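With PDB, C-alpha atoms inside, this is upload.pdb:
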ATOM      1  CA  MET A   1     103.769 116.500  96.282
ATOM      2  CA  ILE A   2     103.349 118.202  92.927
ATOM      3  CA  GLU A   3     102.301 121.857  93.116
ATOM      4  CA  PRO A   4      98.489 122.230  93.393
ATOM      5  CA  GLU A   5      98.119 124.544  90.398
ATOM      6  CA  MET A   6      99.676 121.847  88.233
ATOM      7  CA  ALA A   7      98.041 118.828  89.764
ATOM      8  CA  PHE A   8      94.434 119.676  90.360
ATOM      9  CA  TYR A   9      92.346 122.316  88.556
ATOM     10  CA  GLU A  10      89.197 120.481  87.376
ATOM     11  CA  LEU A  11      90.505 117.252  88.900
ATOM     12  CA  GLN A  12      90.202 118.782  92.374
ATOM     13  CA  ASP A  13      86.436 118.955  91.928
ATOM     14  CA  ASP A  14      86.423 115.297  90.877
ATOM     15  CA  MET A  15      88.323 114.247  93.993
ATOM     16  CA  ASP A  16      86.024 116.138  96.337
ATOM     17  CA  LEU A  17      82.933 114.801  94.577
ATOM     18  CA  ALA A  18      84.220 111.216  94.605
ATOM     19  CA  GLU A  19      84.903 111.348  98.349
ATOM     20  CA  ASP A  20      81.494 112.880  99.113
ATOM     21  CA  PHE A  21      79.796 110.395  96.767
ATOM     22  CA  LEU A  22      81.311 107.335  98.424
ATOM     23  CA  LYS A  23      80.656 108.610 101.929
ATOM     24  CA  TYR A  24      77.028 109.348 101.046
ATOM     25  CA  LEU A  25      76.478 105.815  99.719
ATOM     26  CA  ILE A  26      78.102 104.153 102.733
ATOM     27  CA  ARG A  27      76.239 106.400 105.176
ATOM     28  CA  TYR A  28      72.972 105.606 103.383
ATOM     29  CA  ALA A  29      73.634 101.875 103.708
ATOM     30  CA  LEU A  30      74.429 102.201 107.425
ATOM     31  CA  GLU A  31      71.305 104.244 108.086
ATOM     32  CA  ASN A  32      68.863 102.257 105.949
ATOM     33  CA  CYS A  33      70.224  98.691 105.960
ATOM     34  CA  ARG A  34      71.600  98.557 109.507
ATOM     35  CA  GLU A  35      69.967  95.252 110.402
ATOM     36  CA  ASP A  36      71.360  93.532 107.317
ATOM     37  CA  LEU A  37      74.830  94.940 107.882
ATOM     38  CA  GLU A  38      74.805  93.875 111.536
ATOM     39  CA  PHE A  39      73.881  90.355 110.407
ATOM     40  CA  MET A  40      76.766  90.318 107.910
ATOM     41  CA  ASN A  41      79.110  91.704 110.552
ATOM     42  CA  LYS A  42      78.105  88.934 112.953
ATOM     43  CA  MET A  43      78.059  86.016 110.537
ATOM     44  CA  TRP A  44      81.095  86.414 108.270
ATOM     45  CA  ASP A  45      82.986  89.694 108.531
ATOM     46  CA  LYS A  46      83.337  90.868 112.118
ATOM     47  CA  GLY A  47      85.197  94.012 111.072
ATOM     48  CA  LEU A  48      82.606  95.167 108.534
ATOM     49  CA  LEU A  49      80.802  97.850 110.539
ATOM     50  CA  GLU A  50      84.064  99.205 111.899
ATOM     51  CA  ARG A  51      85.512  99.400 108.385
ATOM     52  CA  LEU A  52      82.466 101.223 107.005
ATOM     53  CA  GLN A  53      82.552 103.730 109.846
ATOM     54  CA  PHE A  54      86.308 104.118 109.338
ATOM     55  CA  VAL A  55      85.720 105.430 105.804
ATOM     56  CA  LEU A  56      83.124 107.930 107.038
ATOM     57  CA  ASP A  57      85.316 109.220 109.860
ATOM     58  CA  ASN A  58      88.494 109.881 107.863
ATOM     59  CA  ASP A  59      89.410 112.389 105.188
ATOM     60  CA  PHE A  60      90.836 110.711 102.114
ATOM     61  CA  VAL A  61      94.561 111.221 101.540
ATOM     62  CA  ARG A  62      95.510 113.004  98.287
ATOM     63  CA  LEU A  63      98.753 111.396  97.149
ATOM     64  CA  ASP A  64     100.875 111.948  94.061
ATOM     65  CA  TYR A  65     101.720 108.741  92.160
ATOM     66  CA  THR A  66     105.427 109.559  92.344
ATOM     67  CA  ASP A  67     105.261 109.904  96.133
ATOM     68  CA  GLY A  68     103.291 106.655  96.322
ATOM     69  CA  ILE A  69     106.027 104.811  94.431
ATOM     70  CA  GLU A  70     108.669 106.179  96.804
ATOM     71  CA  ILE A  71     106.628 105.039  99.830
ATOM     72  CA  LEU A  72     106.264 101.545  98.374
ATOM     73  CA  LYS A  73     109.973 101.259  97.529
ATOM     74  CA  ALA A  74     110.964 102.446 101.009
ATOM     75  CA  SER A  75     108.511 100.132 102.795
ATOM     76  CA  GLY A  76     110.844  97.159 102.976
ATOM     77  CA  LYS A  77     107.883  94.953 102.091
ATOM     78  CA  LYS A  78     108.400  92.207  99.514
ATOM     79  CA  PHE A  79     105.648  92.523  96.929
ATOM     80  CA  GLU A  80     104.762  89.837  94.434
ATOM     81  CA  PHE A  81     104.984  92.480  91.698
ATOM     82  CA  PRO A  82     107.978  94.843  92.060
ATOM     83  CA  CYS A  83     107.106  98.510  91.572
ATOM     84  CA  GLU A  84     109.101 101.225  89.860
ATOM     85  CA  TRP A  85     108.059 104.603  88.505
ATOM     86  CA  GLY A  86     105.992 103.980  85.391
ATOM     87  CA  CYS A  87     104.440 100.712  86.517
ATOM     88  CA  ASP A  88     100.695 100.204  86.807
ATOM     89  CA  LEU A  89     100.080  99.596  90.499
ATOM     90  CA  GLN A  90      98.691  96.224  91.525
ATOM     91  CA  SER A  91      96.085  95.610  94.218
ATOM     92  CA  GLU A  92      98.802  94.642  96.701
ATOM     93  CA  HIS A  93     100.468  98.050  96.242
ATOM     94  CA  GLU A  94      97.205  99.964  96.545
ATOM     95  CA  ARG A  95      96.143  98.068  99.656
ATOM     96  CA  TYR A  96      99.525  98.619 101.311
ATOM     97  CA  LEU A  97      99.149 102.380 100.932
ATOM     98  CA  VAL A  98      95.612 102.306 102.344
ATOM     99  CA  GLU A  99      95.751  99.585 104.995
ATOM    100  CA  GLU A 100      99.312  99.745 106.278
ATOM    101  CA  HIS A 101     100.888 103.102 105.504
ATOM    102  CA  PHE A 102      98.146 105.733 105.733
ATOM    103  CA  LYS A 103      95.420 103.592 107.369
ATOM    104  CA  ARG A 104      92.701 105.501 105.527
ATOM    105  CA  PRO A 105      91.397 105.784 101.945
ATOM    106  CA  VAL A 106      93.783 107.267  99.397
ATOM    107  CA  ILE A 107      93.193 109.213  96.188
ATOM    108  CA  LEU A 108      96.220 108.608  93.974
ATOM    109  CA  ILE A 109      96.807 111.274  91.302
ATOM    110  CA  ASN A 110      99.138 112.274  88.452
ATOM    111  CA  TYR A 111      99.864 108.906  86.863
ATOM    112  CA  PRO A 112     102.444 108.394  84.080
ATOM    113  CA  LYS A 113     100.758 109.090  80.760
ATOM    114  CA  GLU A 114     102.041 105.834  79.242
ATOM    115  CA  ILE A 115      99.791 103.719  81.468
ATOM    116  CA  LYS A 116      96.664 105.845  81.086
ATOM    117  CA  ALA A 117      94.155 106.569  78.312
ATOM    118  CA  PHE A 118      95.038 108.968  75.494
ATOM    119  CA  TYR A 119      92.240 111.400  76.387
ATOM    120  CA  MET A 120      93.528 112.265  79.866
ATOM    121  CA  LYS A 121      94.755 115.819  80.475
ATOM    122  CA  GLN A 122      98.535 116.088  80.284
ATOM    123  CA  ASN A 123     100.431 117.870  83.041
ATOM    124  CA  GLU A 124     103.049 120.504  82.305
ATOM    125  CA  ASP A 125     105.871 118.046  83.021
ATOM    126  CA  GLY A 126     105.027 116.142  79.810
ATOM    127  CA  LYS A 127     105.252 112.822  81.669
ATOM    128  CA  THR A 128     102.089 112.588  83.753
ATOM    129  CA  VAL A 129      98.358 113.078  83.360
ATOM    130  CA  ARG A 130      95.665 114.411  85.689
ATOM    131  CA  ALA A 131      94.224 111.026  86.544
ATOM    132  CA  MET A 132      92.930 109.818  89.885
ATOM    133  CA  ASP A 133      92.152 106.457  91.469
ATOM    134  CA  VAL A 134      90.315 106.177  94.788
ATOM    135  CA  LEU A 135      91.767 103.314  96.837
ATOM    136  CA  PHE A 136      89.844 101.503  99.585
ATOM    137  CA  PRO A 137      90.802  98.926 102.244
ATOM    138  CA  LYS A 138      90.338  95.295 101.149
ATOM    139  CA  ILE A 139      89.345  96.467  97.660
ATOM    140  CA  GLY A 140      92.099  98.566  96.131
ATOM    141  CA  GLU A 141      90.761 100.782  93.341
ATOM    142  CA  ILE A 142      87.052 101.563  93.661
ATOM    143  CA  ILE A 143      86.854 104.721  91.496
ATOM    144  CA  GLY A 144      88.919 105.770  88.484
ATOM    145  CA  GLY A 145      88.743 109.106  86.721
ATOM    146  CA  SER A 146      90.573 112.018  85.168
ATOM    147  CA  GLU A 147      90.435 115.492  83.783
ATOM    148  CA  ARG A 148      90.008 115.226  80.003
ATOM    149  CA  GLU A 149      92.406 116.732  77.499
ATOM    150  CA  SER A 150      90.827 119.802  75.893
ATOM    151  CA  SER A 151      93.629 120.498  73.389
ATOM    152  CA  LEU A 152      92.991 119.059  69.906
ATOM    153  CA  GLU A 153      96.705 119.149  69.104
ATOM    154  CA  LYS A 154      97.677 117.188  72.223
ATOM    155  CA  LEU A 155      94.955 114.621  71.584
ATOM    156  CA  GLU A 156      96.150 114.092  68.025
ATOM    157  CA  ASN A 157      99.744 113.733  69.213
ATOM    158  CA  ARG A 158      98.783 111.155  71.841
ATOM    159  CA  ILE A 159      96.821 109.116  69.297
ATOM    160  CA  GLU A 160      99.900 109.100  67.062
ATOM    161  CA  GLU A 161     102.237 108.257  69.953
ATOM    162  CA  THR A 162     100.132 105.277  71.004
ATOM    163  CA  GLY A 163      99.747 103.978  67.448
ATOM    164  CA  MET A 164      95.962 104.126  67.585
ATOM    165  CA  SER A 165      93.893 104.466  64.407
ATOM    166  CA  ARG A 166      92.224 107.835  63.958
ATOM    167  CA  LYS A 167      89.497 106.338  61.791
ATOM    168  CA  GLY A 168      87.137 105.546  64.628
ATOM    169  CA  LEU A 169      88.096 108.587  66.677
ATOM    170  CA  GLU A 170      87.248 111.479  64.366
ATOM    171  CA  TRP A 171      83.905 111.986  66.115
ATOM    172  CA  TYR A 172      85.780 112.387  69.403
ATOM    173  CA  LEU A 173      88.313 114.778  67.924
ATOM    174  CA  ASP A 174      85.410 116.854  66.585
ATOM    175  CA  THR A 175      84.334 117.537  70.158
ATOM    176  CA  ARG A 176      87.617 119.422  70.561
ATOM    177  CA  ARG A 177      87.885 120.728  66.994
ATOM    178  CA  PHE A 178      84.607 122.610  67.297
ATOM    179  CA  GLY A 179      85.007 123.803  70.855
ATOM    180  CA  SER A 180      85.335 122.331  74.314
ATOM    181  CA  ALA A 181      85.710 123.309  77.941
ATOM    182  CA  PRO A 182      87.777 121.951  80.833
ATOM    183  CA  HIS A 183      85.928 118.952  82.232
ATOM    184  CA  SER A 184      86.484 115.819  84.269
ATOM    185  CA  GLY A 185      84.764 112.531  84.960
ATOM    186  CA  PHE A 186      85.031 109.332  86.949
ATOM    187  CA  GLY A 187      83.467 105.903  87.176
ATOM    188  CA  LEU A 188      82.541 103.899  90.264
ATOM    189  CA  GLY A 189      83.092 100.150  90.264
ATOM    190  CA  PHE A 190      79.602  99.311  91.528
ATOM    191  CA  GLU A 191      80.328  95.623  92.167
ATOM    192  CA  ARG A 192      83.396  96.688  94.154
ATOM    193  CA  LEU A 193      81.232  99.058  96.200
ATOM    194  CA  LEU A 194      78.832  96.185  96.971
ATOM    195  CA  LEU A 195      81.803  93.993  97.868
ATOM    196  CA  PHE A 196      83.045  96.639 100.310
ATOM    197  CA  VAL A 197      79.645  97.378 101.870
ATOM    198  CA  THR A 198      78.660  93.722 102.338
ATOM    199  CA  GLY A 199      82.044  92.391 103.405
ATOM    200  CA  MET A 200      81.906  89.546 100.904
ATOM    201  CA  SER A 201      85.265  88.067  99.962
ATOM    202  CA  ASN A 202      84.672  87.309  96.272
ATOM    203  CA  ILE A 203      83.296  89.757  93.747
ATOM    204  CA  ARG A 204      81.431  86.920  91.980
ATOM    205  CA  ASP A 205      79.101  86.755  94.986
ATOM    206  CA  VAL A 206      77.850  90.329  94.547
ATOM    207  CA  ILE A 207      77.676  90.611  90.739
ATOM    208  CA  PRO A 208      74.120  89.089  90.565
ATOM    209  CA  PHE A 209      72.885  91.929  92.799
TER     210      PHE A 209
END

Step by step, read the file and then write its structure as structure tokens.
Amino acid sequence: MIEPEMAFYELQDDMDLAEDFLKYLIRYALENCREDLEFMNKMWDKGLLERLQFVLDNDFVRLDYTDGIEILKASGKKFEFPCEWGCDLQSEHERYLVEEHFKRPVILINYPKEIKAFYMKQNEDGKTVRAMDVLFPKIGEIIGGSERESSLEKLENRIEETGMSRKGLEWYLDTRRFGSAPHSGFGLGFERLLLFVTGMSNIRDVIPF
């Protein structure tokens, strides 16, 4: 694992909040929609209640992307999409880490900067950024987030490296040019949360709700 002082900082708060957030929502559903969930468990997903409780009962693993790649390569499992360092992980890779290797939710951190957004905070190694994805059984990624880059110079360099146009980004650069503070953020895939909580097999079935 990468050293904590390099890997976490504001991102650590994001990881803790994301885990608490997801557990709160699942616990709320179990406590307030028990009859509905028992019906769903009986009628089409007999492992639903056990899976929901499984998330509540287990601490989420914090795993460096680089370590995740090594686990996948050493697994001996034949994936449809081969994985090497620098690749964007597919659902089959994420689910292997959660369902087969660790058998609990995983928060994957420190992704290669080339596969992540320009505004993500760069680590000292110059190759990775302080990004996180929360991975769930049957779903794969359910939350994505990162610490944001607070350095104007690094932001400008990343925009140039990626070949993006600065024209529509000057307003964003101004938020660093005129002062900023270390900060992080994440987004929950709400349809994916509904998919997980209801046990439905296709995301199209939960989007209307």

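Interatomic distance, CA of Lys116 in chain A to CA of Ala131 in chain A: 7.9 Å.
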
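The two atoms in question, CA of Gly179 in chain A and CA of Met132 in chain A, are spaced 24.9 Å apart.
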
Evaluate the PyMOL selection byres ((chain A and resi 52-56) around 8) and report residues as a VMD selection string = chain A and resid 23 26 to 27 48 to 51 57 to 59 104 to 105 197

Just say which residues the PyMOL selection byres ((chain A and resi 14) around 8) picks in this file, as a tab-separated table (two decimals) with C-alpha atoms, in the frame of the given file.
chain	number	residue	atom	x	y	z
A	10	GLU	CA	89.20	120.48	87.38
A	11	LEU	CA	90.50	117.25	88.90
A	12	GLN	CA	90.20	118.78	92.37
A	13	ASP	CA	86.44	118.96	91.93
A	15	MET	CA	88.32	114.25	93.99
A	16	ASP	CA	86.02	116.14	96.34
A	17	LEU	CA	82.93	114.80	94.58
A	18	ALA	CA	84.22	111.22	94.60
A	145	GLY	CA	88.74	109.11	86.72
A	146	SER	CA	90.57	112.02	85.17
A	184	SER	CA	86.48	115.82	84.27
A	185	GLY	CA	84.76	112.53	84.96
A	186	PHE	CA	85.03	109.33	86.95

Kindly give the distance, in Å, that separates CA of Gly199 in chain A and CA of Ser75 in chain A, rounded to a single decimal.
-> 27.6 Å

Test item: the PyMOL selection byres ((chain A and resi 96) around 12) resolved as a ChimeraX atom specification | /A:68-69,71-73,75-79,89-95,97-106,135-140

Met120 in chain A environment, 7 Å, only C-alpha atoms, sequence neighbours closer than 5 positions dropped, as a ChimeraX atom specification = /A:129-131,146-149

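Between Leu155 in chain A and the candidates A:Glu141, A:Lys167, A:Ala29, A:Lys121, the tightest atom-to-atom separation, counting only C-alpha atoms, involves A:Lys121.
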
Counting only C-alpha atoms, write as a PyMOL selection string all protein and nucleic acid residues lying at most 12 Å from (79.6, 95.3, 101.5) in the file's frame.
-> chain A and resi 25-26+29-30+33-34+36-41+44-45+47-52+137-139+190-203+205-207+209
